[in-house]
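data.cif (mmCIF, C-alpha atoms)
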```
data_start
loop_
_atom_site.label_atom_id
_atom_site.label_comp_id
_atom_site.auth_asym_id
_atom_site.auth_seq_id
_atom_site.Cartn_x
_atom_site.Cartn_y
_atom_site.Cartn_z
CA MET A 640 -4.35 -21.83 -0.19
CA ILE A 641 -7.90 -22.13 1.19
CA VAL A 642 -9.88 -19.07 2.30
CA THR A 643 -11.37 -19.71 5.75
CA GLY A 644 -12.51 -16.19 6.60
CA THR A 645 -15.40 -16.28 4.15
CA ALA A 646 -17.20 -13.25 5.63
CA GLN A 647 -13.92 -11.32 5.57
CA HIS A 648 -13.30 -12.40 1.97
CA ARG A 649 -16.79 -11.31 0.92
CA ALA A 650 -16.30 -7.95 2.63
CA TRP A 651 -12.96 -7.52 0.87
CA ARG A 652 -14.58 -8.09 -2.54
CA GLU A 653 -17.43 -5.74 -1.68
CA ARG A 654 -15.03 -3.09 -0.30
CA VAL A 655 -16.76 -2.87 3.07
CA LEU A 656 -15.62 -3.38 6.64
CA PRO A 657 -15.85 -7.08 7.66
CA PRO A 658 -17.74 -8.15 10.78
CA VAL A 659 -16.31 -8.67 14.24
CA GLU A 660 -15.85 -12.45 14.52
CA HIS A 661 -15.42 -15.03 17.28
CA VAL A 662 -12.61 -17.04 15.64
CA ARG A 663 -11.72 -19.34 18.57
CA PRO A 664 -12.85 -19.66 22.18
CA ASP A 665 -11.89 -16.35 23.84
CA VAL A 666 -10.28 -15.07 20.59
CA TRP A 667 -11.95 -12.35 18.50
CA SER A 668 -11.08 -10.45 15.33
CA VAL A 669 -11.94 -6.75 15.17
CA PRO A 670 -11.49 -4.69 11.97
CA VAL A 671 -10.19 -1.16 12.53
CA PRO A 672 -10.36 1.23 9.54
CA ILE A 673 -7.25 2.80 7.99
CA PRO A 674 -7.81 6.28 6.55
CA HIS A 675 -7.14 6.80 2.84
CA SER A 676 -5.49 3.41 2.29
CA PRO A 677 -6.07 0.61 -0.24
CA LEU A 678 -5.61 -1.81 2.67
CA ARG A 679 -8.84 -0.32 4.14
CA TYR A 680 -8.51 -1.83 7.62
CA THR A 681 -6.29 -3.64 10.09
CA ILE A 682 -7.60 -6.80 11.70
CA CYS A 683 -6.97 -6.48 15.43
CA TYR A 684 -7.11 -9.66 17.51
CA VAL A 685 -8.41 -9.80 21.07
CA PHE A 686 -7.46 -12.57 23.52
CA LEU A 687 -9.86 -12.63 26.47
CA ASP A 688 -8.26 -13.77 29.71
CA ASP A 689 -9.02 -14.19 33.40
CA THR A 690 -7.92 -10.66 34.27
CA GLY A 691 -8.99 -8.81 31.14
CA ALA A 692 -7.89 -8.80 27.50
CA VAL A 693 -4.69 -8.67 25.50
CA VAL A 694 -4.98 -6.90 22.15
CA VAL A 695 -2.76 -7.57 19.14
CA ASP A 696 -2.28 -4.70 16.62
CA PRO A 697 -5.00 -2.28 17.75
CA GLY A 698 -4.88 -0.25 14.52
CA TRP A 699 -4.59 3.33 13.26
CA ASP A 700 -5.39 6.11 15.72
CA THR A 701 -8.39 8.07 14.43
CA PRO A 702 -11.77 8.79 16.02
CA GLU A 703 -13.26 6.16 13.68
CA GLY A 704 -10.56 3.69 14.70
CA ARG A 705 -11.18 4.25 18.41
CA ALA A 706 -14.91 3.80 17.88
CA ALA A 707 -14.44 0.59 15.87
CA LEU A 708 -12.09 -0.92 18.45
CA THR A 709 -14.38 0.08 21.32
CA ALA A 710 -17.40 -1.47 19.58
CA GLY A 711 -15.45 -4.62 18.73
CA LEU A 712 -14.30 -5.06 22.31
CA ARG A 713 -17.88 -4.59 23.46
CA THR A 714 -19.05 -7.33 21.10
CA ALA A 715 -16.37 -9.60 22.56
CA GLY A 716 -17.63 -8.83 26.06
CA ALA A 717 -14.90 -6.41 27.13
CA GLY A 718 -14.28 -2.70 27.41
CA VAL A 719 -11.33 -0.46 26.65
CA GLY A 720 -10.55 -0.36 30.36
CA ASP A 721 -10.32 -4.18 30.43
CA VAL A 722 -7.31 -4.23 28.09
CA THR A 723 -4.33 -5.22 30.22
CA GLY A 724 -1.78 -5.61 27.43
CA VAL A 725 -1.04 -4.70 23.82
CA VAL A 726 1.23 -6.75 21.56
CA VAL A 727 2.48 -5.06 18.42
CA THR A 728 3.61 -7.25 15.52
CA HIS A 729 5.42 -4.18 14.15
CA VAL A 730 5.39 -0.42 14.59
CA HIS A 731 3.67 0.78 11.42
CA PRO A 732 0.87 3.18 12.40
CA ASP A 733 -1.90 0.94 11.06
CA HIS A 734 -0.82 -1.58 13.72
CA HIS A 735 0.70 0.43 16.57
CA GLY A 736 -1.24 3.69 16.32
CA LEU A 737 -3.84 3.00 19.02
CA SER A 738 -1.46 1.34 21.48
CA GLY A 739 -0.77 4.56 23.39
CA TRP A 740 -4.49 5.34 23.67
CA LEU A 741 -5.15 1.91 25.19
CA ARG A 742 -2.36 2.43 27.70
CA GLU A 743 -3.70 5.87 28.63
CA SER A 744 -7.26 4.54 28.93
CA GLY A 745 -6.64 1.54 31.16
CA GLY A 746 -2.96 1.20 31.99
CA ALA A 747 -2.23 -1.57 29.48
CA TRP A 748 1.39 -2.58 28.96
CA ILE A 749 2.79 -2.47 25.41
CA GLY A 750 5.09 -5.20 24.14
CA MET A 751 7.17 -5.61 20.98
CA HIS A 752 10.43 -7.18 19.82
CA PRO A 753 13.55 -5.18 20.86
CA ALA A 754 14.60 -4.74 17.23
CA GLU A 755 11.20 -3.21 16.55
CA ALA A 756 11.53 -0.82 19.45
CA ARG A 757 14.83 0.38 17.97
CA SER A 758 13.05 1.14 14.69
CA LEU A 759 10.34 3.36 16.19
CA PRO A 760 10.13 6.54 14.08
CA GLY A 761 10.50 8.69 17.18
CA ARG A 762 13.91 7.11 17.80
CA VAL A 763 15.03 6.97 14.18
CA TRP A 764 13.98 10.41 12.95
CA ARG A 765 14.16 12.91 15.81
CA ASP A 766 17.94 13.38 15.83
CA ARG A 767 18.50 12.89 12.10
CA GLU A 768 20.37 15.65 10.33
CA PRO A 769 18.23 17.92 8.12
CA GLY A 770 18.66 17.04 4.48
CA LEU A 771 19.88 13.49 5.14
CA ASP A 772 16.76 11.94 3.65
CA ARG A 773 16.97 14.02 0.47
CA ALA A 774 20.67 13.17 0.14
CA TRP A 775 19.83 9.47 0.48
CA LEU A 776 17.27 9.73 -2.31
CA LEU A 777 19.74 11.53 -4.57
CA ARG A 778 22.36 8.86 -3.82
CA HIS A 779 20.04 6.22 -5.23
CA GLY A 780 19.39 8.10 -8.44
CA VAL A 781 16.20 9.96 -7.67
CA PRO A 782 16.06 13.12 -9.82
CA ALA A 783 16.36 16.32 -7.80
CA ALA A 784 12.78 17.42 -8.51
CA ASP A 785 11.40 14.05 -7.39
CA ALA A 786 13.67 13.96 -4.34
CA ALA A 787 12.29 17.32 -3.21
CA VAL A 788 8.77 15.84 -3.29
CA LEU A 789 9.61 12.43 -1.79
CA ALA A 790 11.89 13.57 1.04
CA ALA A 791 10.37 13.13 4.49
CA ASP A 792 8.82 16.22 6.06
CA LEU A 793 9.18 15.94 9.84
CA GLY A 794 6.59 18.67 10.24
CA ARG A 795 3.96 16.23 8.95
CA MET A 796 5.12 13.21 10.94
CA ASP A 797 3.70 13.94 14.40
CA HIS A 798 1.46 10.85 14.22
CA LEU A 799 4.57 8.73 13.61
CA LEU A 800 7.04 10.44 15.94
CA GLY A 801 4.61 10.29 18.84
CA MET A 802 3.84 6.58 18.73
CA ALA A 803 4.17 4.87 22.11
CA GLU A 804 7.37 3.38 23.47
CA PRO A 805 7.06 -0.22 24.73
CA ASP A 806 6.91 -1.29 28.37
CA ARG A 807 8.24 -4.78 27.77
CA ALA A 808 10.38 -6.68 25.29
CA ILE A 809 8.97 -9.77 23.58
CA GLU A 810 11.74 -12.00 22.27
CA ASP A 811 11.57 -14.93 19.87
CA GLY A 812 10.01 -17.88 21.72
CA ASP A 813 8.54 -15.85 24.59
CA VAL A 814 5.10 -16.89 25.83
CA LEU A 815 2.59 -14.08 26.38
CA PRO A 816 1.30 -13.58 29.94
CA LEU A 817 -2.09 -15.21 29.45
CA ALA A 818 -3.82 -17.79 31.66
CA ARG A 819 -6.32 -19.18 29.12
CA HIS A 820 -3.96 -19.32 26.14
CA GLU A 821 -0.43 -20.39 25.38
CA VAL A 822 0.64 -17.88 22.72
CA ARG A 823 4.28 -17.97 21.68
CA ALA A 824 6.15 -15.21 19.81
CA VAL A 825 7.86 -16.10 16.53
CA TRP A 826 10.40 -13.54 15.30
CA THR A 827 9.95 -13.03 11.54
CA PRO A 828 12.21 -10.16 10.42
CA GLY A 829 11.89 -8.82 6.89
CA HIS A 830 8.91 -6.51 6.56
CA THR A 831 10.42 -4.76 9.57
CA PRO A 832 13.45 -5.71 11.69
CA GLY A 833 11.46 -6.90 14.70
CA HIS A 834 8.27 -8.22 13.12
CA LEU A 835 6.54 -10.86 15.24
CA CYS A 836 4.07 -13.61 14.43
CA LEU A 837 2.14 -15.20 17.31
CA HIS A 838 1.44 -18.94 17.51
CA ASP A 839 -1.29 -20.57 19.60
CA ALA A 840 -0.66 -24.29 19.08
CA ASN A 841 -3.66 -25.42 21.11
CA ALA A 842 -6.01 -23.22 19.09
CA GLY A 843 -4.27 -24.07 15.81
CA ILE A 844 -3.77 -20.45 14.79
CA LEU A 845 -0.84 -18.32 13.65
CA LEU A 846 -1.28 -14.54 13.79
CA THR A 847 0.86 -13.44 10.86
CA GLY A 848 0.72 -9.63 11.06
CA ASP A 849 1.97 -8.33 7.71
CA HIS A 850 4.52 -11.11 7.31
CA LEU A 851 2.15 -13.42 5.46
CA LEU A 852 -0.98 -12.12 3.74
CA PRO A 853 -3.30 -14.13 1.49
CA ARG A 854 -3.29 -11.88 -1.57
CA ILE A 855 -0.51 -9.30 -1.55
CA SER A 856 3.21 -9.31 -0.88
CA PRO A 857 4.25 -7.09 2.04
CA ASN A 858 6.70 -4.32 1.35
CA ILE A 859 10.28 -5.47 1.97
CA GLY A 860 12.43 -2.35 1.65
CA VAL A 861 15.76 -0.71 2.37
CA HIS A 862 15.28 2.73 3.90
CA VAL A 863 17.43 5.71 4.78
CA GLY A 864 19.96 4.88 7.48
CA THR A 865 19.85 1.13 6.86
CA ASP A 866 22.33 -0.82 4.78
CA GLY A 867 21.18 -4.31 5.68
CA ASP A 868 19.66 -7.14 3.69
CA PRO A 869 15.98 -7.33 4.73
CA LEU A 870 14.98 -9.52 1.78
CA SER A 871 17.36 -12.32 2.80
CA ALA A 872 15.93 -12.05 6.31
CA TYR A 873 12.39 -12.18 4.95
CA LEU A 874 13.05 -15.24 2.80
CA ALA A 875 14.54 -17.04 5.80
CA SER A 876 11.48 -16.03 7.86
CA LEU A 877 9.19 -17.46 5.19
CA GLU A 878 11.05 -20.76 5.36
CA GLN A 879 10.48 -20.77 9.12
CA THR A 880 6.83 -19.83 8.82
CA ALA A 881 6.17 -22.68 6.38
CA LYS A 882 6.65 -25.08 9.31
CA PHE A 883 3.24 -23.98 10.64
CA ALA A 884 1.43 -25.68 7.76
CA ALA A 885 -1.24 -27.23 9.99
CA ASP A 886 -2.39 -23.90 11.43
CA GLU A 887 -4.94 -21.39 10.24
CA ALA A 888 -3.37 -18.03 9.36
CA LEU A 889 -4.91 -14.96 10.99
CA PRO A 890 -3.37 -12.04 9.07
CA ALA A 891 -3.59 -8.35 9.90
CA HIS A 892 -5.19 -7.52 6.54
CA GLU A 893 -7.62 -9.11 4.08
CA TYR A 894 -8.90 -12.49 5.39
CA ARG A 895 -8.08 -15.73 7.21
CA PHE A 896 -6.75 -18.69 5.27
CA ARG A 897 -5.16 -22.13 5.46
CA GLY A 898 -2.08 -23.23 3.56
CA VAL A 899 0.64 -21.24 5.28
CA ASP A 900 3.29 -23.40 3.62
CA ASP A 901 1.82 -22.93 0.13
CA ARG A 902 1.54 -19.18 0.60
CA ALA A 903 5.11 -18.93 1.90
CA ALA A 904 6.35 -20.91 -1.11
CA ALA A 905 4.42 -18.64 -3.48
CA LEU A 906 6.03 -15.54 -1.95
CA ILE A 907 9.49 -17.09 -2.21
CA ARG A 908 8.81 -17.77 -5.91
CA HIS A 909 7.57 -14.20 -6.39
CA HIS A 910 10.79 -12.75 -5.02
CA GLY A 911 12.85 -15.15 -7.09
CA GLU A 912 11.05 -13.97 -10.22
CA ARG A 913 11.66 -10.35 -9.24
CA ASN A 914 15.37 -11.09 -8.79
CA GLU A 915 15.49 -12.49 -12.32
CA GLU A 916 13.66 -9.45 -13.68
CA ILE A 917 16.19 -7.13 -12.02
CA LEU A 918 19.14 -9.07 -13.40
CA ARG A 919 17.64 -8.85 -16.91
CA ALA A 920 17.03 -5.10 -16.50
CA ILE A 921 20.64 -4.44 -15.47
CA ALA A 922 21.93 -6.65 -18.29
CA THR A 923 20.04 -4.36 -20.68
CA LEU A 924 20.71 -1.02 -18.96
CA GLY A 925 24.31 -1.58 -17.94
CA PRO A 926 25.39 0.03 -14.65
CA ALA A 927 22.24 1.66 -13.29
CA THR A 928 20.91 3.40 -10.20
CA ALA A 929 18.18 1.84 -8.08
CA TRP A 930 15.75 4.45 -9.43
CA GLU A 931 16.57 3.54 -13.02
CA VAL A 932 16.15 -0.15 -12.27
CA ALA A 933 12.82 0.42 -10.49
CA ALA A 934 11.48 2.27 -13.53
CA GLU A 935 12.10 -0.84 -15.67
CA LEU A 936 10.29 -3.30 -13.43
CA THR A 937 6.77 -4.66 -13.57
CA TRP A 938 4.48 -2.97 -11.03
CA SER A 939 0.82 -3.89 -10.61
CA ARG A 940 -0.31 -0.41 -11.67
CA GLY A 941 2.71 0.45 -13.80
CA TRP A 942 5.65 2.68 -12.83
CA ALA A 943 4.07 5.79 -14.37
CA SER A 944 0.99 5.46 -12.15
CA LEU A 945 3.03 5.26 -8.94
CA GLN A 946 3.24 8.64 -7.25
CA GLY A 947 4.40 9.97 -3.90
CA MET A 948 4.86 7.35 -1.19
CA LEU A 949 4.03 4.50 -3.58
CA ARG A 950 6.99 5.44 -5.77
CA ARG A 951 9.24 5.70 -2.73
CA MET A 952 8.10 2.25 -1.56
CA ALA A 953 8.90 0.88 -5.03
CA LEU A 954 12.41 2.32 -4.74
CA ALA A 955 12.81 0.76 -1.27
CA GLU A 956 11.67 -2.64 -2.58
CA THR A 957 14.06 -2.43 -5.51
CA LEU A 958 16.93 -1.62 -3.17
CA ALA A 959 16.07 -4.63 -1.02
CA HIS A 960 16.41 -6.88 -4.07
CA LEU A 961 19.63 -5.18 -5.12
CA HIS A 962 21.13 -5.69 -1.65
CA HIS A 963 20.03 -9.33 -1.67
CA LEU A 964 21.53 -9.95 -5.10
CA ALA A 965 24.77 -8.30 -4.02
CA ALA A 966 24.88 -10.48 -0.90
CA SER A 967 24.31 -13.48 -3.19
CA GLY A 968 27.33 -12.49 -5.30
CA LEU A 969 25.36 -11.63 -8.45
CA LEU A 970 25.64 -7.82 -8.37
CA ARG A 971 28.01 -5.18 -7.13
CA GLY A 972 27.31 -1.59 -6.22
CA SER A 973 29.54 1.43 -6.71
CA PRO A 974 30.53 3.51 -3.66
CA GLU A 975 30.19 6.92 -5.28
CA ALA A 976 26.95 8.89 -5.59
CA PRO A 977 24.71 8.24 -7.35
CA ALA A 978 25.34 4.56 -6.56
CA ARG A 979 25.14 2.30 -9.59
CA TRP A 980 24.62 -1.44 -9.71
CA SER A 981 26.18 -3.78 -12.24
CA LEU A 982 26.46 -7.50 -12.92
CA ARG A 983 29.46 -9.29 -11.44
#
```

Encoded form (structure tokens):
Amino acid sequence: MIVTGTAQHRAWRERVLPPVEHVRPDVWSVPVPIPHSPLRYTICYVFLDDTGAVVVDPGWDTPEGRAALTAGLRTAGAGVGDVTGVVVTHVHPDHHGLSGWLRESGGAWIGMHPAEARSLPGRVWRDREPGLDRAWLLRHGVPAADAAVLAADLGRMDHLLGMAEPDRAIEDGDVLPLARHEVRAVWTPGHTPGHLCLHDANAGILLTGDHLLPRISPNIGVHVGTDGDPLSAYLASLEQTAKFAADEALPAHEYRFRGVDDRAAALIRHHGERNEEILRAIATLGPATAWEVAAELTWSRGWASLQGMLRRMALAETLAHLHHLAASGLLRGSPEAPARWSLR
């Protein structure tokens, strides 16, 4: 992997916001800060066009975020009112948060994959039975005291529940409505069900969202109300993404790089190593809950240091691996609660 966003890389090391950059003709990168997050910022991309601008992943909705996006657009030669469309790689608030503000400010349409629209928090959480989330945590072995802390509090989720609904669906292979660019959507499920990458073959760039980052592995997790196999989907998406080896990766965090195929292969190896670690843990523990397995795994800061949402994300990641290993025929899970996993 070769770092190409050298100014972004330097800013990452120095823990400051990177500059707005002109990365291709009529294509700009604009960093938008994320409050209280180790990711620090989302890199929004702006495609200038004959009738205005299309923005990809406008970032988290805060006054600072609005100011940063406004200033970045100004540097690119556009204004908030010139934004005619917003494309969302996925609906996490550090990507989709400002979409509604852009639509309110200038009438921009909002596009995302249909599977992503179905996963909007406002759709998923509003009609959910009270206590379902806590029951889900208990089912996966979370101690009652921890479950009380980790369970979702809808009263604190207004910023998630109110995120904008899309105006248009963007399917795999669709070309964005741009005159100066030919940008094609690439469906890459895994991090979320409807995650999109965006490929501009003429410019030699692949906008990778959170699917492929230069330094960290995106969270691949199983969450309440889902019983699927997101890790298998993610690994298949990585195999597909590796075909864009000739293109420069423009990720939504950290910095630009080349070597999409090498980075995809490294992430596949990482998940393979994690699978082996989980199998060893269960061989030692015997039948174990997802929470018990997660506590035995190697985390960058150690299990004991993970608190709150970080611990919940670790549980979700562990469940994704358990589901994948079960689908691969290496594990089986028990139907009763708390669910326990054992070697086949």

| said: Just checking: using all atoms listed in the file, which residue out of A:Pro853, A:Gly968, A:Pro658, A:Gly864 ends up closest to A:Leu771? | reply: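 Nearest candidate to A:Leu771 out of A:Pro853, A:Gly968, A:Pro658, A:Gly864: A:Gly864.
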
| task | Could you pull out every residue with an atom within 10 Å of (11.5, 11.2, -4.6), file coordinates, counting all atoms listed in the file, and send them as a count of residues only? | result | 25

| task | Report the distance between atom CA of A:His850 and atom CA of A:Leu969 in Å, rounded to one decimal place. | result | 26.1 Å

| Which of these, A:Asp813, A:Asp792, A:Asp849, A:Asp868, has the shortest distance to A:Thr827 once you count only C-alpha atoms? |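 With only C-alpha atoms as the atom set, the closest residue is A:Asp849.
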
| message | Evaluate the PyMOL selection byres ((chain A and resi 835) around 8) against this structure - the residues, as number ranges by chain, please. | response | A: 727-729, 751-752, 811, 824-828, 833-834, 836-837, 847-848

| Point-to-point distance in Å for atom CA of A:Met640 and atom CA of A:Leu964 | 28.9 Å

| the PyMOL selection byres ((chain A and resi 682) around 12) applied to the shown file, residues as an NGL selection string | :A and (644 or 647 or 656-660 or 667-673 or 678-681 or 683-685 or 694-699 or 704 or 707-708 or 711 or 728 or 733-734 or 846-849 or 852 or 889-895)

| Residue among A:Arg979, A:His963, A:Arg897, A:His909 lying closest to A:Glu931, counting only C-alpha atoms | A:Arg979

| Å distance separating atom CA of A:Ala717 from atom CA of A:Ala756, one decimal place |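 Separating atom CA of A:Ala717 from atom CA of A:Ala756 is a distance of 28.1 Å.
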